[in-house]
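Engineer: Below you'll find the structure I mean.
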Amino acid sequence: MAKLFRAVIMGPPGSGKGTISERIAQRFGLTRLSSGDFIRENIAANTDAGVLAKTYIERGLLVPDHVMTRLLLPRLEEMTRHSWLMDGFPRTLAQAEALNSTCDLDLVISLNIPYETLKERLSDRWIHPASGRVYNMGFNPPHVQGRDDISGEPLIQQDDDKPEALVARLRHYKDVAKPIIDLYKSKGILHTFSGTETDRIWPYINSLLSTKIPSTSQTDTQCIPMP
Ligand SMILES: Nc1nc2c(ncn2[C@H]2C[C@H](O)[C@@H](COP(=O)(O)OP(=O)(O)OP(=O)(O)O)O2)c(=O)[nH]1
Ligand SMILES: Nc1ncnc2c1ncn2[C@@H]1O[C@H](COP(=O)(O)OP(=O)(O)O)[C@@H](O)[C@H]1O
């Protein structure tokens with residue numbers, strides 16, 4: 001069986017993590033995981049962790065590390081037969097350390113996008129809340145203005161994407177991401193991509209992953225359950 005591949009994608013809000021993850025998942029057949037989707041699934045299913053997480057999200061806060069790890073790590077441990085790419089986790093150094101002791105990552109993609117570019121993109125971003133599908137009025141507009149391509153339902157703009165909230169979000173990302181990036185750098189698995197356009201960054205990510213994702217191998221790797 002092919003060797004499994006585990007990767008994380010990091011970057012400030014609006015850096016293109018969602019867009020690039022989708023391309024990677026399609027091109028390389030990895031399962032795309034998103035911490036936000038996990039949380040939303042748990043909220044919908046009314047699990048203990050979901051109920052707890054909801055109280056933070058409703059206040060616009062990050063979910064505490066111990067809730068996040070309780071929610072996510074068991075799911076990762078179950079994925080012994082899938083290669084995956086995680087978007088949205090780890091978001092703090094404590095989460096990175098917990099992930100570290102659960103499974104070995106092969107690669108971390110860090111997106112480094114100028115502030116002005118992020119600001120422009122997010123103020124133009126519209127989402128379909130039920131599915132998480134993301135549109136940008138310039139880059140990938142919906143077929144019908146203001147409507148989701150698949151369901152035809154209305155698109156909305158998140159409060160977080162409004163200019164007042166953005167500066168604080170971007171500053172917060174820088175502070176929190178720095179030690180995580182340093183950790184992955186020291187492990188030799190960090191790959192940083194800089195630029196203003198996803199379409200220009202993509203060929204570099206594509207060729208890196210083409211060299212890293214093996215087509216066949218004798219070994220199978222597993223996430224080790226936490227003690
Ligand atoms: N103009 C332009 N827009 C782009 C480009 N790449 C992505 N976008 C758009 C799609 C979205 O409307 C917005 C942000 O992209 P994503 O939602 O993929 O970013 P990300 O997942 O990092 O954001 P998040 O952490 O969910 O806030 O920018 C690009 O190269 N040029
Ligand atoms: N790794 C994480 N640690 C803490 N909270 C998280 C994490 N991932 C997601 N969340 C919470 O879930 C919310 C939705 O996550 P997500 O879908 O990634 O959207 P956003 O673009 O708002 O970060 C976040 O705003 C945050 O409150």
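Chain lettering (A, B, ...) mirrors the order of the structure tokens, residue numbering begins at 1 for each chain separately, and ligand numbering begins at 1 in order of display.
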List as a ChimeraX atom specification the protein and nucleic acid residues lying within 10 Å of ligand 1, with only C-alpha atoms and all ligand atoms counted.
Structural biologist: /A:9-22,34,36,87-88,111,113,117-127,132-141,158,160-161,166,169-170,173,195-202
Engineer: To test your reading of the structure, identify every residue in range 74-169 of chain A that backbone DSSP assigns to strand (DSSP E), and report it as a list in words.
Structural biologist: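 After running DSSP on the backbone, range 74-169 of chain A has strand (DSSP E) at Trp84, Leu85, Met86, Asp87, Leu107, Val108, Ile109, Ser110, Leu111, Asn112, Arg125, Trp126, Ile127, His128, Arg133, Val134, Tyr135 and Asn136 of chain A.
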Engineer: Within 7 Å of ligand 2, which residues of chain A come that close, and what is the closest atom pair and distance in Å for each? Count only C-alpha atoms and all ligand atoms and give it as JSON lines.
Structural biologist:
{"residue": "A:Pro13", "atom": "CA", "partner": "ligand 2", "partner_atom_place_in_ligand_line": "21 (O)", "distance": 6.2}
{"residue": "A:Ser34", "atom": "CA", "partner": "ligand 2", "partner_atom_place_in_ligand_line": "18 (O)", "distance": 6.7}
{"residue": "A:Ser35", "atom": "CA", "partner": "ligand 2", "partner_atom_place_in_ligand_line": "8 (N)", "distance": 4.5}
{"residue": "A:Gly36", "atom": "CA", "partner": "ligand 2", "partner_atom_place_in_ligand_line": "17 (O)", "distance": 3.4}
{"residue": "A:Asp37", "atom": "CA", "partner": "ligand 2", "partner_atom_place_in_ligand_line": "17 (O)", "distance": 6.0}
{"residue": "A:Ile39", "atom": "CA", "partner": "ligand 2", "partner_atom_place_in_ligand_line": "12 (O)", "distance": 6.4}
{"residue": "A:Tyr56", "atom": "CA", "partner": "ligand 2", "partner_atom_place_in_ligand_line": "27 (O)", "distance": 6.5}
{"residue": "A:Ile57", "atom": "CA", "partner": "ligand 2", "partner_atom_place_in_ligand_line": "27 (O)", "distance": 4.5}
{"residue": "A:Gly60", "atom": "CA", "partner": "ligand 2", "partner_atom_place_in_ligand_line": "27 (O)", "distance": 6.0}
{"residue": "A:Leu61", "atom": "CA", "partner": "ligand 2", "partner_atom_place_in_ligand_line": "27 (O)", "distance": 5.0}
{"residue": "A:Leu62", "atom": "CA", "partner": "ligand 2", "partner_atom_place_in_ligand_line": "5 (N)", "distance": 3.8}
{"residue": "A:Val63", "atom": "CA", "partner": "ligand 2", "partner_atom_place_in_ligand_line": "5 (N)", "distance": 3.8}
{"residue": "A:Pro64", "atom": "CA", "partner": "ligand 2", "partner_atom_place_in_ligand_line": "4 (C)", "distance": 5.8}
{"residue": "A:Asp65", "atom": "CA", "partner": "ligand 2", "partner_atom_place_in_ligand_line": "3 (N)", "distance": 6.3}
{"residue": "A:Met68", "atom": "CA", "partner": "ligand 2", "partner_atom_place_in_ligand_line": "3 (N)", "distance": 5.9}
{"residue": "A:Gly88", "atom": "CA", "partner": "ligand 2", "partner_atom_place_in_ligand_line": "8 (N)", "distance": 4.9}
{"residue": "A:Phe89", "atom": "CA", "partner": "ligand 2", "partner_atom_place_in_ligand_line": "1 (N)", "distance": 4.0}
{"residue": "A:Pro90", "atom": "CA", "partner": "ligand 2", "partner_atom_place_in_ligand_line": "1 (N)", "distance": 5.0}
{"residue": "A:Arg91", "atom": "CA", "partner": "ligand 2", "partner_atom_place_in_ligand_line": "1 (N)", "distance": 4.4}
{"residue": "A:Thr92", "atom": "CA", "partner": "ligand 2", "partner_atom_place_in_ligand_line": "3 (N)", "distance": 7.0}
Engineer: With all heavy atoms retained, export the selected residues as a compact mmCIF listing (two decimals), in the first residue's frame.
Structural biologist:
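The resulting file, result37.txt, is reproduced below:
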# COMPACT_ATOMS: atom_id res chain seq x y z
N PRO A 13 -5.41 34.77 7.56
CA PRO A 13 -6.73 34.75 6.95
C PRO A 13 -6.65 35.32 5.54
O PRO A 13 -6.02 36.36 5.33
CB PRO A 13 -7.55 35.69 7.84
CG PRO A 13 -6.78 35.85 9.10
CD PRO A 13 -5.37 35.53 8.81
N SER A 34 -10.52 20.19 7.68
CA SER A 34 -10.57 21.58 8.10
C SER A 34 -11.06 21.62 9.54
O SER A 34 -12.09 21.01 9.87
CB SER A 34 -11.51 22.35 7.16
OG SER A 34 -12.29 23.27 7.86
N SER A 35 -10.32 22.32 10.39
CA SER A 35 -10.71 22.36 11.80
C SER A 35 -12.08 23.01 11.95
O SER A 35 -12.90 22.58 12.76
CB SER A 35 -9.67 23.12 12.63
OG SER A 35 -9.51 24.42 12.12
N GLY A 36 -12.35 24.04 11.13
CA GLY A 36 -13.64 24.72 11.20
C GLY A 36 -14.77 23.73 10.86
O GLY A 36 -15.82 23.72 11.53
N ASP A 37 -14.55 22.90 9.84
CA ASP A 37 -15.59 21.92 9.47
C ASP A 37 -15.80 20.90 10.59
O ASP A 37 -16.94 20.54 10.89
CB ASP A 37 -15.19 21.16 8.19
CG ASP A 37 -15.28 22.04 6.96
OD1 ASP A 37 -15.84 23.14 7.06
OD2 ASP A 37 -14.77 21.63 5.90
N ILE A 39 -15.39 21.35 13.75
CA ILE A 39 -16.13 22.01 14.82
C ILE A 39 -17.61 22.10 14.45
O ILE A 39 -18.49 21.76 15.24
CB ILE A 39 -15.56 23.41 15.12
CG1 ILE A 39 -14.11 23.30 15.61
CG2 ILE A 39 -16.41 24.14 16.15
CD1 ILE A 39 -13.42 24.63 15.78
N TYR A 56 -17.57 29.34 22.61
CA TYR A 56 -16.44 30.23 22.29
C TYR A 56 -16.64 30.90 20.95
O TYR A 56 -16.44 32.11 20.81
CB TYR A 56 -15.13 29.43 22.29
CG TYR A 56 -14.76 29.00 23.68
CD1 TYR A 56 -15.19 27.77 24.18
CD2 TYR A 56 -14.01 29.83 24.51
CE1 TYR A 56 -14.89 27.38 25.48
CE2 TYR A 56 -13.70 29.45 25.81
CZ TYR A 56 -14.15 28.22 26.28
OH TYR A 56 -13.85 27.84 27.56
N ILE A 57 -17.04 30.09 19.95
CA ILE A 57 -17.20 30.64 18.60
C ILE A 57 -18.25 31.75 18.59
O ILE A 57 -18.07 32.77 17.95
CB ILE A 57 -17.55 29.51 17.61
CG1 ILE A 57 -16.35 28.57 17.51
CG2 ILE A 57 -17.92 30.07 16.24
CD1 ILE A 57 -16.49 27.47 16.54
N GLY A 60 -16.85 34.90 19.28
CA GLY A 60 -15.77 35.32 18.37
C GLY A 60 -14.39 34.94 18.89
O GLY A 60 -13.39 35.56 18.54
N LEU A 61 -14.34 33.91 19.74
CA LEU A 61 -13.05 33.51 20.33
C LEU A 61 -12.54 32.23 19.70
O LEU A 61 -13.32 31.44 19.15
CB LEU A 61 -13.23 33.27 21.84
CG LEU A 61 -13.71 34.46 22.66
CD1 LEU A 61 -14.04 34.02 24.08
CD2 LEU A 61 -12.64 35.55 22.67
N LEU A 62 -11.23 32.01 19.86
CA LEU A 62 -10.68 30.72 19.47
C LEU A 62 -11.15 29.68 20.48
O LEU A 62 -11.33 29.99 21.66
CB LEU A 62 -9.15 30.75 19.51
CG LEU A 62 -8.42 31.41 18.35
CD1 LEU A 62 -6.92 31.27 18.54
CD2 LEU A 62 -8.84 30.82 17.02
N VAL A 63 -11.34 28.48 20.01
CA VAL A 63 -11.71 27.39 20.91
C VAL A 63 -10.45 27.00 21.70
O VAL A 63 -9.37 26.92 21.12
CB VAL A 63 -12.25 26.21 20.06
CG1 VAL A 63 -12.58 25.01 20.92
CG2 VAL A 63 -13.46 26.65 19.25
N PRO A 64 -10.56 26.77 23.03
CA PRO A 64 -9.35 26.47 23.82
C PRO A 64 -8.65 25.20 23.32
O PRO A 64 -9.28 24.29 22.78
CB PRO A 64 -9.90 26.24 25.24
CG PRO A 64 -11.26 26.83 25.25
CD PRO A 64 -11.77 26.81 23.85
N ASP A 65 -7.34 25.19 23.55
CA ASP A 65 -6.52 24.10 23.02
C ASP A 65 -7.01 22.72 23.45
O ASP A 65 -7.05 21.80 22.64
CB ASP A 65 -5.06 24.28 23.48
CG ASP A 65 -4.43 25.50 22.85
OD1 ASP A 65 -4.87 25.87 21.74
OD2 ASP A 65 -3.51 26.08 23.46
N MET A 68 -9.95 21.69 21.40
CA MET A 68 -9.56 21.40 20.02
C MET A 68 -8.86 20.05 19.91
O MET A 68 -9.15 19.28 18.99
CB MET A 68 -8.59 22.49 19.50
CG MET A 68 -9.21 23.78 19.11
SD MET A 68 -10.62 23.62 18.03
CE MET A 68 -9.95 22.90 16.55
N GLY A 88 -6.24 24.83 9.24
CA GLY A 88 -6.87 25.44 10.43
C GLY A 88 -6.38 24.88 11.75
O GLY A 88 -6.79 25.35 12.81
N PHE A 89 -5.54 23.89 11.70
CA PHE A 89 -4.99 23.28 12.91
C PHE A 89 -3.59 22.77 12.56
O PHE A 89 -3.45 22.13 11.51
CB PHE A 89 -5.88 22.11 13.35
CG PHE A 89 -5.44 21.42 14.63
CD1 PHE A 89 -5.95 21.81 15.86
CD2 PHE A 89 -4.53 20.38 14.58
CE1 PHE A 89 -5.56 21.18 17.03
CE2 PHE A 89 -4.13 19.74 15.74
CZ PHE A 89 -4.65 20.14 16.97
N PRO A 90 -2.57 23.01 13.37
CA PRO A 90 -2.59 23.72 14.64
C PRO A 90 -2.62 25.23 14.46
O PRO A 90 -2.10 25.75 13.49
CB PRO A 90 -1.27 23.30 15.27
CG PRO A 90 -0.34 23.08 14.11
CD PRO A 90 -1.21 22.54 13.02
N ARG A 91 -3.21 25.87 15.46
CA ARG A 91 -3.31 27.32 15.43
C ARG A 91 -2.58 27.95 16.60
O ARG A 91 -2.54 29.17 16.72
CB ARG A 91 -4.78 27.69 15.50
CG ARG A 91 -5.14 28.72 14.48
CD ARG A 91 -6.57 28.50 14.13
NE ARG A 91 -7.26 29.75 13.94
CZ ARG A 91 -8.36 29.86 13.21
NH1 ARG A 91 -8.87 28.80 12.62
NH2 ARG A 91 -8.95 31.00 13.10
N THR A 92 -2.09 27.14 17.50
CA THR A 92 -1.28 27.62 18.62
C THR A 92 -0.12 26.64 18.79
O THR A 92 -0.17 25.51 18.29
CB THR A 92 -2.08 27.63 19.94
OG1 THR A 92 -2.42 26.28 20.26
CG2 THR A 92 -3.34 28.47 19.88
Engineer: What's the 10 Å shell around Val108 in chain A, counting only C-alpha atoms, without same-chain residues fewer than 4 positions away, as a list of chain:residue names?
Structural biologist: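 Near neighbours after the sequence-gap exclusion: A:Arg6, A:Ala7, A:Val8, A:Ile9, A:Met10, A:Leu85, A:Met86, A:Ile181, A:Tyr184, A:Lys185, A:Gly188, A:Ile189, A:Leu190, A:His191, A:Thr192.
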Engineer: Go ahead and write the residues just picked, all heavy atoms, as a compact mmCIF listing (two decimals), in the first residue's frame.
Structural biologist:
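Result file follows (part-v2.txt):
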# COMPACT_ATOMS: atom_id res chain seq x y z
N ARG A 6 1.10 13.10 5.39
CA ARG A 6 0.37 14.01 6.29
C ARG A 6 0.94 15.41 6.17
O ARG A 6 2.13 15.61 6.40
CB ARG A 6 0.50 13.56 7.74
CG ARG A 6 -0.55 12.60 8.20
CD ARG A 6 -0.25 11.24 7.68
NE ARG A 6 -1.35 10.30 7.90
CZ ARG A 6 -1.31 9.30 8.75
NH1 ARG A 6 -0.24 9.07 9.48
NH2 ARG A 6 -2.35 8.51 8.86
N ALA A 7 0.08 16.36 5.85
CA ALA A 7 0.56 17.72 5.68
C ALA A 7 -0.38 18.71 6.35
O ALA A 7 -1.55 18.42 6.57
CB ALA A 7 0.68 18.04 4.20
N VAL A 8 0.21 19.87 6.67
CA VAL A 8 -0.56 20.97 7.26
C VAL A 8 -0.35 22.19 6.37
O VAL A 8 0.73 22.39 5.82
CB VAL A 8 -0.02 21.25 8.69
CG1 VAL A 8 -0.40 22.63 9.17
CG2 VAL A 8 -0.53 20.19 9.68
N ILE A 9 -1.41 22.99 6.20
CA ILE A 9 -1.25 24.25 5.47
C ILE A 9 -1.55 25.39 6.43
O ILE A 9 -2.53 25.36 7.18
CB ILE A 9 -2.14 24.29 4.20
CG1 ILE A 9 -1.86 25.55 3.40
CG2 ILE A 9 -3.61 24.14 4.50
CD1 ILE A 9 -2.34 25.48 1.95
N MET A 10 -0.64 26.38 6.46
CA MET A 10 -0.78 27.52 7.37
C MET A 10 -0.72 28.82 6.57
O MET A 10 -0.10 28.86 5.52
CB MET A 10 0.39 27.55 8.37
CG MET A 10 0.46 26.36 9.26
SD MET A 10 1.84 26.55 10.42
CE MET A 10 1.44 28.10 11.24
N LEU A 85 -4.50 16.42 4.39
CA LEU A 85 -3.97 17.78 4.45
C LEU A 85 -4.87 18.55 5.39
O LEU A 85 -6.08 18.62 5.18
CB LEU A 85 -4.03 18.44 3.06
CG LEU A 85 -3.72 19.93 3.02
CD1 LEU A 85 -2.24 20.19 3.32
CD2 LEU A 85 -4.07 20.50 1.65
N MET A 86 -4.30 19.11 6.45
CA MET A 86 -5.09 19.79 7.48
C MET A 86 -5.01 21.31 7.31
O MET A 86 -3.93 21.88 7.19
CB MET A 86 -4.55 19.38 8.85
CG MET A 86 -5.16 20.11 9.99
SD MET A 86 -6.90 19.72 10.21
CE MET A 86 -6.74 18.33 11.26
N ILE A 181 5.72 28.22 13.28
CA ILE A 181 6.56 28.20 12.09
C ILE A 181 8.00 27.86 12.47
O ILE A 181 8.66 27.05 11.81
CB ILE A 181 6.42 29.56 11.34
CG1 ILE A 181 5.05 29.58 10.67
CG2 ILE A 181 7.54 29.76 10.33
CD1 ILE A 181 4.68 30.86 9.99
N TYR A 184 8.32 24.10 13.08
CA TYR A 184 8.36 23.27 11.87
C TYR A 184 9.64 23.51 11.08
O TYR A 184 10.15 22.60 10.43
CB TYR A 184 7.11 23.51 11.01
CG TYR A 184 5.85 22.96 11.66
CD1 TYR A 184 4.65 23.66 11.63
CD2 TYR A 184 5.87 21.72 12.30
CE1 TYR A 184 3.50 23.14 12.22
CE2 TYR A 184 4.73 21.19 12.90
CZ TYR A 184 3.55 21.91 12.86
OH TYR A 184 2.41 21.40 13.44
N LYS A 185 10.15 24.75 11.17
CA LYS A 185 11.43 25.04 10.51
C LYS A 185 12.51 24.17 11.13
O LYS A 185 13.32 23.54 10.45
CB LYS A 185 11.76 26.53 10.69
CG LYS A 185 12.64 27.09 9.59
CD LYS A 185 13.04 28.52 9.87
CE LYS A 185 11.96 29.51 9.49
NZ LYS A 185 12.25 30.89 9.88
N GLY A 188 12.65 20.80 9.96
CA GLY A 188 13.05 20.65 8.55
C GLY A 188 11.90 20.29 7.62
O GLY A 188 12.12 19.77 6.53
N ILE A 189 10.65 20.58 8.03
CA ILE A 189 9.51 20.21 7.16
C ILE A 189 8.73 21.43 6.65
O ILE A 189 7.71 21.28 5.99
CB ILE A 189 8.54 19.23 7.88
CG1 ILE A 189 8.04 19.82 9.21
CG2 ILE A 189 9.17 17.87 8.10
CD1 ILE A 189 6.94 18.99 9.86
N LEU A 190 9.26 22.61 6.97
CA LEU A 190 8.54 23.83 6.57
C LEU A 190 8.90 24.26 5.14
O LEU A 190 10.08 24.32 4.79
CB LEU A 190 8.89 24.97 7.53
CG LEU A 190 8.15 26.27 7.23
CD1 LEU A 190 6.72 26.19 7.74
CD2 LEU A 190 8.86 27.46 7.85
N HIS A 191 7.86 24.58 4.35
CA HIS A 191 8.08 25.12 3.01
C HIS A 191 7.24 26.38 2.90
O HIS A 191 6.01 26.32 3.03
CB HIS A 191 7.67 24.12 1.94
CG HIS A 191 8.55 22.91 1.93
ND1 HIS A 191 9.62 22.77 1.07
CD2 HIS A 191 8.55 21.83 2.73
CE1 HIS A 191 10.22 21.62 1.32
NE2 HIS A 191 9.60 21.03 2.33
N THR A 192 7.90 27.52 2.68
CA THR A 192 7.18 28.79 2.64
C THR A 192 7.03 29.25 1.19
O THR A 192 7.99 29.16 0.41
CB THR A 192 7.96 29.84 3.45
OG1 THR A 192 8.08 29.36 4.79
CG2 THR A 192 7.25 31.18 3.48
Engineer: Which is closer to Ala130 in chain A than all the others in A:Pro203, A:Pro154, A:Pro179, A:Gly146, using only C-alpha atoms?
Structural biologist: A:Pro154
Engineer: To one decimal place in Å, what is the distance between CA of Phe5 in chain A and CA of Leu30 in chain A?
Structural biologist: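 Separation between CA of Phe5 in chain A and CA of Leu30 in chain A: 8.0 Å.
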Engineer: Tell me, in Å to one decimal, how far CA of Asn206 in chain A is from CA of Cys103 in chain A.
Structural biologist: 23.8 Å
Engineer: Interatomic distance between CA of Ile205 in chain A and CA of Glu97 in chain A?
Structural biologist: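 Between CA of Ile205 in chain A and CA of Glu97 in chain A the gap is 25.1 Å.
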Engineer: Which one is closest to Ala177 in chain A: A:Leu73, A:Ile156, A:Ala94, A:Leu105? Count only C-alpha atoms.
Structural biologist: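 Nearest to Ala177 in chain A: A:Ala94.
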Engineer: Got a sec to tell me which of chain A DSSP assigns to helix (DSSP H, G or I), as JSON, numbers by chain?
Structural biologist: {"A": [17, 18, 19, 20, 21, 22, 23, 24, 25, 26, 27, 28, 35, 36, 37, 38, 39, 40, 41, 42, 43, 44, 45, 48, 49, 50, 51, 52, 53, 54, 55, 56, 57, 65, 66, 67, 68, 69, 70, 71, 72, 73, 74, 75, 76, 77, 78, 93, 94, 95, 96, 97, 98, 99, 100, 101, 102, 115, 116, 117, 118, 119, 120, 121, 122, 123, 159, 160, 161, 163, 164, 165, 166, 167, 168, 169, 170, 171, 172, 173, 174, 175, 176, 177, 178, 179, 180, 181, 182, 183, 184, 185, 186, 198, 199, 200, 201, 202, 203, 204, 205, 206, 207, 208, 209, 210, 211, 212]}
